[in-house]
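K.L.:
Below is the file my_file-v8.cif, with mmCIF, C-alpha atoms.
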data_final
loop_
_atom_site.label_atom_id
_atom_site.label_comp_id
_atom_site.auth_asym_id
_atom_site.auth_seq_id
_atom_site.Cartn_x
_atom_site.Cartn_y
_atom_site.Cartn_z
CA MET R 1309 36.02 -19.56 -27.16
CA SER R 1310 35.52 -18.98 -23.45
CA VAL R 1311 38.09 -17.25 -21.27
CA ASN R 1312 39.01 -20.50 -19.52
CA ASP R 1313 39.11 -22.57 -22.70
CA PRO R 1314 42.56 -24.10 -23.23
CA TYR R 1315 42.13 -24.01 -26.99
CA ILE R 1316 43.50 -21.21 -29.15
CA VAL R 1317 42.16 -20.21 -32.57
CA GLY R 1318 44.26 -18.83 -35.41
CA ILE R 1319 43.00 -17.59 -38.77
CA ASP R 1320 45.29 -17.17 -41.75
CA ILE R 1321 43.60 -14.90 -44.31
CA GLY R 1322 45.56 -15.54 -47.48
CA THR R 1323 45.17 -14.35 -51.04
CA THR R 1324 43.87 -17.73 -52.19
CA LYS R 1325 42.53 -19.35 -49.02
CA VAL R 1326 41.35 -18.81 -45.45
CA ILE R 1327 42.58 -21.36 -42.92
CA THR R 1328 41.03 -21.69 -39.47
CA LEU R 1329 42.99 -23.75 -36.97
CA ILE R 1330 42.02 -24.76 -33.42
CA GLY R 1331 44.60 -26.22 -31.08
CA LYS R 1332 46.12 -26.30 -27.63
CA MET R 1333 49.62 -26.65 -26.25
CA GLY R 1334 50.41 -29.86 -24.41
CA LYS R 1335 53.36 -31.38 -22.62
CA ASN R 1336 56.86 -30.54 -23.90
CA ASN R 1337 55.36 -27.66 -25.88
CA ILE R 1338 53.77 -29.97 -28.43
CA LEU R 1339 50.85 -28.32 -30.19
CA THR R 1340 47.81 -30.54 -30.69
CA ILE R 1341 45.43 -29.64 -33.50
CA LYS R 1342 41.79 -30.07 -32.46
CA GLY R 1343 40.19 -28.87 -35.69
CA HIS R 1344 40.94 -27.21 -38.98
CA ALA R 1345 39.16 -25.87 -42.04
CA ILE R 1346 40.20 -24.34 -45.33
CA SER R 1347 38.07 -22.42 -47.79
CA ALA R 1348 38.69 -20.48 -50.98
CA CYS R 1349 39.24 -16.79 -50.43
CA LYS R 1350 37.85 -13.83 -52.33
CA GLY R 1351 38.33 -10.15 -51.66
CA ILE R 1352 42.07 -10.39 -50.99
CA LYS R 1353 44.86 -9.27 -53.29
CA LYS R 1354 48.57 -9.52 -52.47
CA GLY R 1355 47.75 -10.04 -48.81
CA LEU R 1356 45.48 -6.97 -48.58
CA ILE R 1357 41.70 -6.82 -48.28
CA VAL R 1358 40.20 -5.18 -51.35
CA ASP R 1359 36.57 -6.23 -50.82
CA ILE R 1360 35.56 -6.51 -47.17
CA ASN R 1361 32.21 -8.17 -47.94
CA GLU R 1362 33.80 -10.97 -49.95
CA ALA R 1363 36.59 -11.34 -47.40
CA THR R 1364 34.05 -11.62 -44.58
CA LYS R 1365 32.13 -14.32 -46.46
CA SER R 1366 35.35 -16.27 -46.98
CA ILE R 1367 36.22 -15.99 -43.28
CA LEU R 1368 32.75 -17.11 -42.22
CA ASN R 1369 32.90 -20.09 -44.55
CA SER R 1370 36.18 -21.28 -43.07
CA VAL R 1371 35.15 -20.61 -39.46
CA GLU R 1372 31.80 -22.38 -39.83
CA LYS R 1373 33.52 -25.45 -41.27
CA ALA R 1374 35.91 -25.52 -38.30
CA GLU R 1375 33.04 -25.10 -35.84
CA LYS R 1376 31.04 -27.87 -37.46
CA SER R 1377 33.95 -30.31 -37.46
CA THR R 1378 34.76 -29.71 -33.78
CA LYS R 1379 31.35 -28.75 -32.36
CA MET R 1380 33.05 -25.71 -30.86
CA PHE R 1381 31.99 -22.07 -31.02
CA ILE R 1382 34.54 -19.52 -32.21
CA ASP R 1383 34.14 -15.92 -31.09
CA GLU R 1384 37.79 -14.88 -30.65
CA THR R 1385 40.91 -15.51 -32.69
CA TYR R 1386 44.46 -14.53 -33.44
CA VAL R 1387 44.85 -13.40 -37.02
CA GLY R 1388 47.83 -13.00 -39.32
CA VAL R 1389 48.74 -9.83 -41.17
CA THR R 1390 51.07 -9.24 -44.12
CA GLY R 1391 51.48 -6.97 -47.13
CA LYS R 1392 53.98 -4.55 -48.62
CA HIS R 1393 52.94 -1.93 -46.04
CA ILE R 1394 54.79 -3.89 -43.33
CA SER R 1395 58.11 -2.37 -42.29
CA PHE R 1396 60.44 -2.34 -39.31
CA ILE R 1397 62.83 -0.10 -37.41
CA ASP R 1398 65.61 -0.85 -34.93
CA ASN R 1399 65.35 1.20 -31.76
CA TRP R 1400 68.05 1.67 -29.13
CA SER R 1401 67.37 3.23 -25.74
CA GLU R 1402 69.52 3.55 -22.64
CA ILE R 1403 69.33 4.93 -19.10
CA ASN R 1404 71.79 5.66 -16.31
CA ILE R 1405 71.70 3.47 -13.21
CA ASN R 1406 71.75 5.68 -10.12
CA SER R 1407 70.86 3.19 -7.38
CA ALA R 1408 73.17 2.13 -4.57
CA ASN R 1409 76.18 0.17 -5.86
CA ASN R 1410 74.71 0.65 -9.36
CA ILE R 1411 72.61 -2.52 -8.99
CA ILE R 1412 69.91 -2.79 -11.67
CA LYS R 1413 66.45 -3.01 -10.15
CA LYS R 1414 63.07 -3.98 -11.48
CA SER R 1415 62.10 -0.30 -11.62
CA ASP R 1416 65.12 0.44 -13.84
CA VAL R 1417 64.09 -2.18 -16.41
CA GLU R 1418 60.52 -0.90 -16.33
CA ARG R 1419 61.69 2.68 -16.87
CA LEU R 1420 63.90 1.60 -19.78
CA ILE R 1421 61.17 -0.40 -21.51
CA VAL R 1422 58.69 2.45 -21.25
CA LYS R 1423 61.28 4.79 -22.80
CA ALA R 1424 62.18 2.30 -25.54
CA ASN R 1425 58.54 1.98 -26.61
CA LYS R 1426 58.39 5.65 -27.55
CA ILE R 1427 59.17 4.94 -31.18
CA ASN R 1428 58.83 7.41 -34.02
CA ILE R 1429 57.07 5.78 -36.95
CA PRO R 1430 55.30 7.30 -39.98
CA SER R 1431 51.87 8.82 -39.47
CA GLN R 1432 48.95 6.50 -40.22
CA SER R 1433 51.09 3.59 -39.04
CA GLU R 1434 50.85 1.46 -35.92
CA ILE R 1435 53.15 -0.90 -34.08
CA ILE R 1436 52.39 -4.59 -34.60
CA HIS R 1437 55.25 -6.05 -32.56
CA THR R 1438 58.11 -4.69 -30.49
CA LEU R 1439 60.59 -7.51 -30.03
CA ILE R 1440 63.43 -7.25 -27.53
CA LYS R 1441 66.65 -8.22 -29.30
CA GLN R 1442 68.98 -7.78 -26.35
CA PHE R 1443 69.83 -5.89 -23.18
CA VAL R 1444 73.23 -4.24 -22.88
CA ILE R 1445 74.93 -3.26 -19.62
CA ASP R 1446 77.79 -0.81 -20.16
CA ASP R 1447 79.65 -2.45 -23.08
CA GLU R 1448 78.46 -6.00 -22.44
CA LYS R 1449 75.98 -7.13 -25.10
CA GLY R 1450 73.63 -10.09 -25.22
CA ILE R 1451 72.26 -9.80 -21.67
CA VAL R 1452 69.00 -11.72 -21.14
CA ASP R 1453 68.13 -10.81 -17.53
CA PRO R 1454 69.75 -7.57 -16.29
CA ILE R 1455 68.08 -7.42 -12.86
CA GLY R 1456 70.60 -7.75 -10.05
CA LEU R 1457 73.60 -7.00 -12.23
CA SER R 1458 75.82 -3.98 -11.61
CA ALA R 1459 76.24 -1.34 -14.32
CA ASN R 1460 76.52 2.37 -14.95
CA LYS R 1461 74.23 2.19 -17.99
CA LEU R 1462 71.45 -0.15 -19.04
CA ALA R 1463 70.36 -0.28 -22.68
CA VAL R 1464 67.89 -2.28 -24.74
CA GLU R 1465 67.72 -2.92 -28.48
CA LEU R 1466 64.25 -3.40 -29.96
CA LEU R 1467 62.96 -4.46 -33.35
CA ALA R 1468 59.72 -2.55 -33.92
CA ILE R 1469 57.49 -3.93 -36.70
CA TYR R 1470 54.74 -1.64 -37.93
CA GLY R 1471 52.13 -1.35 -40.67
CA SER R 1472 49.40 0.84 -42.13
CA ILE R 1473 46.55 1.60 -39.71
CA PRO R 1474 43.83 1.58 -42.42
CA LEU R 1475 45.04 -1.70 -43.92
CA ILE R 1476 45.32 -3.39 -40.53
CA ASN R 1477 41.87 -2.06 -39.60
CA ASN R 1478 40.48 -3.68 -42.74
CA VAL R 1479 41.59 -7.05 -41.37
CA VAL R 1480 40.13 -6.35 -37.92
CA ASN R 1481 36.87 -5.02 -39.37
CA SER R 1482 36.42 -8.04 -41.62
CA MET R 1483 36.72 -10.24 -38.54
CA LYS R 1484 34.24 -8.10 -36.62
CA ALA R 1485 31.82 -8.32 -39.53
CA ALA R 1486 32.07 -12.09 -39.10
CA LYS R 1487 31.17 -11.62 -35.38
CA ILE R 1488 34.66 -12.64 -34.26
CA GLU R 1489 36.83 -10.58 -31.94
CA VAL R 1490 40.54 -10.26 -32.68
CA ALA R 1491 42.60 -11.22 -29.63
CA ASP R 1492 45.73 -9.95 -31.36
CA ILE R 1493 47.26 -9.63 -34.80
CA ILE R 1494 50.51 -11.39 -35.56
CA LEU R 1495 52.94 -10.83 -38.41
CA GLU R 1496 52.66 -13.78 -40.76
CA ALA R 1497 56.42 -14.00 -41.34
CA LEU R 1498 56.84 -14.31 -37.57
CA ALA R 1499 54.13 -16.98 -37.35
CA SER R 1500 55.54 -19.08 -40.18
CA SER R 1501 59.00 -18.93 -38.60
CA GLU R 1502 57.63 -20.16 -35.27
CA ALA R 1503 56.11 -23.14 -37.06
CA VAL R 1504 59.00 -24.35 -39.22
CA LEU R 1505 62.28 -23.29 -37.58
CA THR R 1506 64.29 -25.23 -35.02
CA PRO R 1507 65.92 -23.53 -32.02
CA GLU R 1508 69.32 -24.34 -33.53
CA GLU R 1509 68.45 -22.57 -36.78
CA LYS R 1510 67.22 -19.48 -34.95
CA GLY R 1511 70.35 -19.40 -32.84
CA SER R 1512 72.91 -19.84 -35.61
CA GLY R 1513 71.18 -17.76 -38.26
CA VAL R 1514 68.62 -18.64 -40.91
CA ILE R 1515 66.37 -17.15 -43.61
CA VAL R 1516 62.70 -18.07 -43.98
CA LEU R 1517 60.68 -17.59 -47.17
CA ASP R 1518 56.94 -18.22 -46.93
CA ILE R 1519 55.79 -18.13 -50.55
CA GLY R 1520 52.01 -17.91 -50.67
CA GLY R 1521 49.51 -17.09 -53.37
CA GLY R 1522 49.90 -13.31 -53.33
CA THR R 1523 52.98 -12.56 -51.24
CA THR R 1524 56.38 -13.84 -50.23
CA ASP R 1525 57.02 -13.22 -46.54
CA VAL R 1526 60.66 -13.02 -45.50
CA ALA R 1527 62.25 -13.31 -42.05
CA VAL R 1528 65.87 -13.48 -40.96
CA TYR R 1529 66.86 -14.85 -37.55
CA LYS R 1530 70.16 -14.47 -35.71
CA ASP R 1531 71.02 -15.26 -32.09
CA LYS R 1532 67.46 -16.57 -31.57
CA LYS R 1533 65.89 -13.23 -32.55
CA MET R 1534 64.17 -11.94 -35.68
CA VAL R 1535 66.45 -9.24 -37.07
CA PHE R 1536 64.81 -8.54 -40.45
CA THR R 1537 61.46 -8.95 -42.16
CA TYR R 1538 60.07 -8.03 -45.55
CA CYS R 1539 57.01 -8.74 -47.69
CA LEU R 1540 57.44 -9.07 -51.44
CA PRO R 1541 54.01 -8.63 -53.09
CA VAL R 1542 54.65 -11.54 -55.45
CA GLY R 1543 53.54 -15.14 -55.01
CA GLY R 1544 52.21 -18.22 -56.71
CA ASN R 1545 49.29 -16.42 -58.36
CA LEU R 1546 51.70 -14.47 -60.54
CA ILE R 1547 53.23 -17.73 -61.72
CA THR R 1548 49.75 -19.00 -62.56
CA ASN R 1549 48.99 -15.81 -64.45
CA ASP R 1550 52.21 -16.18 -66.48
CA ILE R 1551 51.21 -19.73 -67.42
CA SER R 1552 47.73 -18.56 -68.37
CA VAL R 1553 49.07 -15.82 -70.65
CA GLY R 1554 51.99 -17.83 -72.01
CA LEU R 1555 49.94 -20.89 -72.92
CA ASN R 1556 46.73 -19.00 -73.79
CA ILE R 1557 44.55 -20.89 -71.31
CA THR R 1558 42.22 -19.94 -68.47
CA PHE R 1559 43.59 -19.04 -65.04
CA GLN R 1560 41.87 -22.08 -63.52
CA LYS R 1561 43.45 -24.45 -66.05
CA ALA R 1562 46.82 -22.75 -65.55
CA GLU R 1563 46.56 -23.29 -61.77
CA GLU R 1564 45.80 -26.97 -62.34
CA ILE R 1565 48.78 -27.35 -64.65
CA LYS R 1566 51.06 -25.50 -62.22
CA LYS R 1567 50.16 -27.77 -59.32
CA LYS R 1568 50.41 -31.00 -61.29
CA PHE R 1569 53.21 -30.46 -63.77
CA ALA R 1570 55.22 -27.25 -63.30
CA ASN R 1571 58.85 -27.47 -62.26
CA VAL R 1572 61.83 -25.15 -62.07
CA ASP R 1573 64.58 -27.75 -62.19
CA TYR R 1574 65.22 -29.25 -65.60
CA ASN R 1575 66.21 -32.51 -63.90
CA PHE R 1576 62.53 -32.90 -62.99
CA TYR R 1577 61.55 -32.83 -66.66
CA GLU R 1578 58.38 -34.79 -67.32
CA ASN R 1579 55.79 -34.69 -70.08
CA LEU R 1580 52.19 -33.59 -69.79
CA ASN R 1581 50.47 -36.81 -70.77
CA LYS R 1582 47.66 -36.32 -68.26
CA ILE R 1583 46.63 -32.92 -69.61
CA ASN R 1584 43.90 -32.64 -72.21
CA ILE R 1585 46.08 -31.19 -74.93
CA GLU R 1586 43.07 -29.80 -76.77
CA ASP R 1587 42.57 -27.30 -73.94
CA ILE R 1588 45.95 -25.72 -74.66
CA LYS R 1589 45.84 -23.77 -77.89
CA ILE R 1590 49.53 -23.79 -78.78
CA ASP R 1591 51.93 -26.17 -80.46
CA LYS R 1592 50.54 -29.65 -79.83
CA ASN R 1593 53.98 -31.25 -79.54
CA LYS R 1594 54.16 -32.29 -75.88
CA ALA R 1595 57.94 -31.93 -75.61
CA THR R 1596 57.71 -28.37 -76.89
CA LEU R 1597 54.85 -27.68 -74.50
CA ASN R 1598 56.84 -28.97 -71.54
CA ILE R 1599 59.84 -26.82 -72.40
CA ARG R 1600 57.56 -23.80 -72.77
CA LEU R 1601 55.99 -24.44 -69.37
CA TYR R 1602 59.42 -24.91 -67.77
CA ASN R 1603 60.72 -21.63 -69.21
CA ILE R 1604 57.67 -19.66 -68.05
CA VAL R 1605 57.73 -20.93 -64.48
CA ASN R 1606 61.50 -20.98 -64.10
CA SER R 1607 61.78 -17.37 -65.24
CA ARG R 1608 59.21 -16.07 -62.74
CA VAL R 1609 60.46 -18.08 -59.76
CA LYS R 1610 64.06 -17.13 -60.50
CA GLU R 1611 63.02 -13.46 -60.51
CA LEU R 1612 61.15 -13.86 -57.20
CA LEU R 1613 64.10 -15.52 -55.49
CA THR R 1614 66.61 -13.05 -56.92
CA LEU R 1615 64.61 -10.03 -55.73
CA THR R 1616 64.37 -11.54 -52.27
CA ARG R 1617 68.08 -12.30 -52.14
CA GLU R 1618 68.97 -8.75 -53.20
CA LYS R 1619 66.73 -7.26 -50.51
CA ILE R 1620 68.32 -9.39 -47.79
CA ASP R 1621 71.80 -8.67 -49.12
CA ASN R 1622 71.12 -4.91 -49.04
CA TYR R 1623 70.65 -5.20 -45.26
CA GLY R 1624 73.84 -7.25 -44.88
CA TYR R 1625 72.34 -10.54 -43.72
CA MET R 1626 73.30 -12.88 -46.55
CA HIS R 1627 76.56 -13.90 -44.89
CA SER R 1628 75.27 -14.32 -41.32
CA THR R 1629 72.89 -17.24 -41.88
CA PRO R 1630 74.93 -20.47 -41.74
CA CYS R 1631 71.78 -22.60 -41.42
CA GLY R 1632 70.76 -21.42 -44.86
CA LEU R 1633 67.28 -21.01 -46.27
CA VAL R 1634 63.97 -22.59 -45.23
CA ILE R 1635 61.14 -22.34 -47.79
CA THR R 1636 57.52 -22.92 -46.81
CA GLY R 1637 54.03 -21.93 -48.00
CA GLY R 1638 52.01 -23.36 -50.85
CA THR R 1639 54.47 -22.44 -53.60
CA SER R 1640 57.27 -24.29 -51.77
CA GLN R 1641 55.69 -27.46 -53.20
CA LEU R 1642 56.81 -26.48 -56.70
CA ARG R 1643 59.13 -29.19 -57.96
CA GLY R 1644 62.77 -28.20 -58.10
CA ILE R 1645 62.46 -25.01 -56.07
CA SER R 1646 65.07 -26.13 -53.51
CA ALA R 1647 67.71 -26.69 -56.18
CA LEU R 1648 66.94 -23.37 -57.86
CA ALA R 1649 67.03 -21.48 -54.54
CA ASN R 1650 70.35 -23.15 -53.68
CA SER R 1651 71.87 -21.91 -56.94
CA ILE R 1652 70.61 -18.34 -56.37
CA PHE R 1653 71.29 -17.97 -52.63
CA GLY R 1654 74.42 -20.12 -52.56
CA MET R 1655 73.48 -21.76 -49.27
CA PRO R 1656 71.78 -24.90 -47.91
CA VAL R 1657 68.03 -25.04 -48.60
CA ARG R 1658 65.31 -27.15 -47.04
CA LEU R 1659 61.54 -27.22 -47.33
CA GLY R 1660 59.77 -26.26 -44.11
CA VAL R 1661 56.78 -27.98 -42.52
CA SER R 1662 55.52 -27.49 -38.99
CA ASN R 1663 57.59 -28.82 -36.08
CA ASP R 1664 56.36 -30.17 -32.73
CA VAL R 1665 52.76 -30.55 -33.85
CA GLU R 1666 50.33 -33.44 -33.48
CA GLY R 1667 47.20 -33.79 -35.55
CA PRO R 1668 45.95 -34.70 -39.01
CA ALA R 1669 48.72 -35.48 -41.50
CA THR R 1670 47.00 -33.16 -43.97
CA VAL R 1671 47.89 -30.30 -41.62
CA ILE R 1672 51.22 -31.14 -40.05
CA ASN R 1673 52.84 -32.32 -43.30
CA ASN R 1674 51.49 -29.58 -45.54
CA PRO R 1675 53.41 -26.27 -45.84
CA ILE R 1676 50.24 -24.29 -46.63
CA TYR R 1677 49.39 -24.63 -42.91
CA SER R 1678 52.70 -23.22 -41.65
CA THR R 1679 51.35 -19.73 -40.97
CA SER R 1680 48.22 -20.92 -39.16
CA VAL R 1681 50.20 -23.37 -37.02
CA GLY R 1682 52.63 -20.57 -36.21
CA LEU R 1683 49.76 -18.28 -35.22
CA LEU R 1684 48.75 -20.79 -32.54
CA LYS R 1685 52.32 -21.25 -31.33
CA TYR R 1686 53.07 -17.55 -31.10
CA ALA R 1687 49.69 -16.84 -29.53
CA TYR R 1688 50.53 -19.34 -26.80
CA GLN R 1689 53.79 -17.51 -26.17
CA LEU R 1690 51.93 -14.21 -25.91
CA GLU R 1691 49.38 -15.60 -23.49
CA ASN R 1692 51.99 -17.29 -21.32
CA PHE R 1693 54.88 -14.93 -22.01
CA LEU R 1694 57.57 -17.54 -22.47
CA GLY R 1695 60.27 -15.08 -23.51
CA MET R 1696 61.08 -11.45 -22.94
CA GLU R 1697 61.74 -10.91 -26.63
CA GLN R 1698 58.06 -11.57 -27.43
CA MET R 1699 56.40 -8.32 -26.49
CA GLY R 1700 53.78 -8.28 -29.24
CA GLU R 1701 52.15 -5.05 -28.13
CA LYS R 1702 50.14 -2.67 -30.23
CA ASN R 1703 50.35 1.07 -29.81
CA ASN R 1704 46.79 1.95 -30.76
CA GLN R 1705 43.56 2.72 -28.95
CA ALA R 1706 41.63 -0.22 -30.32
CA SER R 1707 44.00 -2.69 -28.67
CA GLY R 1708 43.90 -1.02 -25.25
CA PHE R 1709 47.62 -0.34 -25.31
CA GLY R 1710 47.86 1.10 -21.79
CA LYS R 1711 46.18 -1.89 -20.17
CA LYS R 1712 48.09 -4.39 -22.29
CA PHE R 1713 51.40 -2.66 -21.64
CA LYS R 1714 50.92 -2.84 -17.87
CA LYS R 1715 50.11 -6.54 -18.23
CA PHE R 1716 53.23 -6.98 -20.34
CA ILE R 1717 55.41 -5.27 -17.71
CA SER R 1718 54.04 -7.50 -14.95
CA ARG R 1719 54.69 -10.60 -17.05
CA ILE R 1720 58.28 -9.55 -17.67
CA PHE R 1721 59.06 -9.33 -14.00
CA LYS R 1722 57.17 -12.48 -13.12
CA LYS R 1723 59.30 -14.37 -15.62
CA LEU R 1724 62.50 -12.66 -14.44
CA LYS R 1725 61.69 -13.59 -10.85
CA THR R 1726 60.92 -17.22 -11.65
CA GLY R 1727 63.76 -17.59 -14.13
CA GLY R 1728 61.34 -18.33 -16.93
CA LEU R 1729 63.01 -16.24 -19.62
#
Just give me the structure of the file as C-alpha cells.
P.N.:
Amino acid sequence: MSVNDPYIVGIDIGTTKVITLIGKMGKNNILTIKGHAISACKGIKKGLIVDINEATKSILNSVEKAEKSTKMFIDETYVGVTGKHISFIDNWSEININSANNIIKKSDVERLIVKANKINIPSQSEIIHTLIKQFVIDDEKGIVDPIGLSANKLAVELLAIYGSIPLINNVVNSMKAAKIEVADIILEALASSEAVLTPEEKGSGVIVLDIGGGTTDVAVYKDKKMVFTYCLPVGGNLITNDISVGLNITFQKAEEIKKKFANVDYNFYENLNKINIEDIKIDKNKATLNIRLYNIVNSRVKELLTLTREKIDNYGYMHSTPCGLVITGGTSQLRGISALANSIFGMPVRLGVSNDVEGPATVINNPIYSTSVGLLKYAYQLENFLGMEQMGEKNNQASGFGKKFKKFISRIFKKLKTGGL
C-alpha cells in the first residue's frame, strides 16, 4: 500500500490458516473492513514456522485472494507473532529531578525513557514491545502525564515483551519471500485483546484466552494496561489429534467431527446422526460413540484450561480480574467451553468477538478473525500514537531502532503537549 494510503493491512499467520485483512479507521474509532481473505496454512507448527517455503506459499495465497477481492496491491503489512519463545520482564527505572523548583520537563521524561529502554534480556532475543505501565513521581503512582508536575524523583514502570531473534526472523523472512515488507510485528495476544476487550474490562481487570489451532495466547489486563502474557503451545489441533487417535479415524475426519459435534458440557449432549458411522471403526452404538467423543474432548480442554489457570495463578493475577475471562479464537466456538471455563477459573466467562468494527458479518462475528482485526487496531495506534503506553519499539538493527525511537520520543511529547494521551 502507498505511504498516503489510509488503509492498513494485517496478516495473521496461524497454525491452520493465514488471514489477510485490509481496513481503515473511521469516525469514533470504528474500524471498517475493506477486504479479507483466508487460506489454509502449511509450514507452521504451534505458531512457529517450520517450513519457510510452505509458509510463504500460504501467505501468498491469502494475500492474492485479498488483492483480487479489493483490487488493491499489498506490499506492506503488520504481522502477528506468537509461540512459546515469547516472554516478558518488568523494568523499573528512575531519575532525580534537578531543575528549578523540581519541575519535570520534557527533557527529564526523554532521559528517563532512554534509560528505561536499556533492558537486559537473554542473548539471541529481541524486544517486541515495551509498554509503559505507569509513571511514578516520588511515592505517587499511576501518573499518566508527568510534565509540569513537581517531584524529587521521576520513575517509569515498563512491561518489556521479547522473543527469539531467529524465530521472529523466520516470520519476517517468509513475508519478504512473498515480496511484502513488514511494517512492524505485533504480539498476537496483544492484538486479540485490542479486538475483543472493552475499555471497562481493561480498566477493572480481565483475562483473555485466544485459543487457536496450535497455541493458546494469554493476556491479563489491569488498570488499562497489559500486565502479563503467555503462550501455551497447545490448541485445537491437539484436540483433533486426540479425536483421531481415540476414534481411530483420519485427522481430517476428526476435524470435521470436532467442528460439527464435539462439546465439553454434558448439557449439550447430542447424537451423531449426521456422521457416516461406517467411517468410525469403533463401537457402532451412537450413544456410546457420543460419550466417547465427549470424554476425549472434555479431558483435553480441561487440561488446557487448567494449565493456563495455574500459570496465571503463579503470577498472582487470578484474584485481580473482576471482569473475568474472555475466550476468543477458533476453538472458542467449541460448544460448552464457557461453562467448563467458568467451573475451572471460578469467574464470569464470555466469548469474545471483535468490537467497534464494520464489515462482512463473516468477519466481525467470527472469533477466528480476532487477531487480524486486532492487528489493524493496534497498528493504527502505533501509526497515530494514541497512548503513551503503546511504545511498540523493536531493539534490533533490522527495524531501524534508532530512527524509530526518535520518532517515538517526538510522538510522546506531541501527545503530551496536545493532551492526547
K.L.:
Please enumerate the residues selected by the PyMOL selection byres ((chain R and resi 1604-1617) around 9) when evaluated against the supplied file, formatted as a ChimeraX atom specification.
P.N.:
/R:1517,1524,1526,1538,1540,1542-1544,1546-1548,1550-1551,1554,1566,1570-1573,1599-1603,1618-1622,1626,1645,1648-1649,1652-1653
K.L.:
Residues within 10 Å of R:Gly1450, please, as a PDB file with C-alpha atoms, keeping the file's coordinate frame. Count all atoms listed in the file; anything in the same chain fewer than 4 positions from it doesn't count.
P.N.:
ATOM      1  CA  LYS R1441      66.650  -8.220 -29.300  1.00  0.00           C
ATOM      2  CA  GLN R1442      68.980  -7.780 -26.350  1.00  0.00           C
ATOM      3  CA  PHE R1443      69.830  -5.890 -23.180  1.00  0.00           C
ATOM      4  CA  VAL R1444      73.230  -4.240 -22.880  1.00  0.00           C
ATOM      5  CA  ILE R1445      74.930  -3.260 -19.620  1.00  0.00           C
ATOM      6  CA  VAL R1464      67.890  -2.280 -24.740  1.00  0.00           C
ATOM      7  CA  GLU R1465      67.720  -2.920 -28.480  1.00  0.00           C
ATOM      8  CA  ASP R1531      71.020 -15.260 -32.090  1.00  0.00           C
TER       9      ASP R1531
END
K.L.:
Can you tell me which residues surround R:Thr1324 at a distance of at most 7 Å, considering all atoms listed in the file, apart from same-chain residues fewer than 2 positions away, and format the answer as a PDB file with C-alpha atoms, in the coordinates of the input?
P.N.:
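Once written, part_30.pdb looks like this:
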ATOM      1  CA  GLY R1322      45.560 -15.540 -47.480  1.00  0.00           C
ATOM      2  CA  ALA R1348      38.690 -20.480 -50.980  1.00  0.00           C
ATOM      3  CA  CYS R1349      39.240 -16.790 -50.430  1.00  0.00           C
ATOM      4  CA  GLY R1521      49.510 -17.090 -53.370  1.00  0.00           C
TER       5      GLY R1521
END
K.L.:
So what does the PyMOL selection byres ((chain R and resi 1456) around 7) actually pick up in this one, as a ChimeraX atom specification?
P.N.:
/R:1411-1413,1454-1455,1457-1458
K.L.:
From the list R:Asn1406, R:Ser1370, R:Asn1425, R:Ser1512, which residue is nearest R:Lys1461 when using all atoms listed in the file?
P.N.:
R:Asn1406
K.L.:
For each of R:Glu1489, R:Asp1446, R:Glu1375, R:Asp1359, take the minimum atom-to-atom distance to R:Ile1405, counting only C-alpha atoms, then give the residue where this is smallest.
P.N.:
R:Asp1446
K.L.:
Measuring between only C-alpha atoms, which one of R:Glu1502, R:Glu1509, R:Glu1418, R:Asp1664 shows the shortest distance to R:Gln1689?
P.N.:
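Of R:Glu1502, R:Glu1509, R:Glu1418, R:Asp1664, the one nearest R:Gln1689, counting only C-alpha atoms, is R:Glu1502.
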K.L.:
Once the PyMOL selection byres ((chain R and resi 1506) around 12) has been applied to the shown file, what residues remain in the selection, as an MDAnalysis selection string?
P.N.:
chainID R and resid 1500:1505 1507:1516 1529 1532 1631 1634 1660:1664
K.L.:
Contacts between stretch 1379-1401 of chain R and stretch 1594-1690 of chain R, please, where a residue of stretch 1594-1690 of chain R counts if it comes within 9 Å (with only C-alpha atoms); show its shortest atom pair and distance in Å to one decimal, rows by chain and ascending number, as a tab-separated table.
P.N.:
residue	atom	partner	partner_atom	distance
R:Thr1679	CA	R:Gly1388	CA	7.8
R:Ser1680	CA	R:Gly1388	CA	7.9
R:Leu1683	CA	R:Tyr1386	CA	6.7
R:Leu1684	CA	R:Tyr1386	CA	7.6
R:Ala1687	CA	R:Tyr1386	CA	6.9
K.L.:
How far is it from atom CA of R:Asn1545 to atom CA of R:Pro1675, in Å with one decimal?
P.N.:
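So the two atoms, atom CA of R:Asn1545 and atom CA of R:Pro1675, lie 16.5 Å apart.
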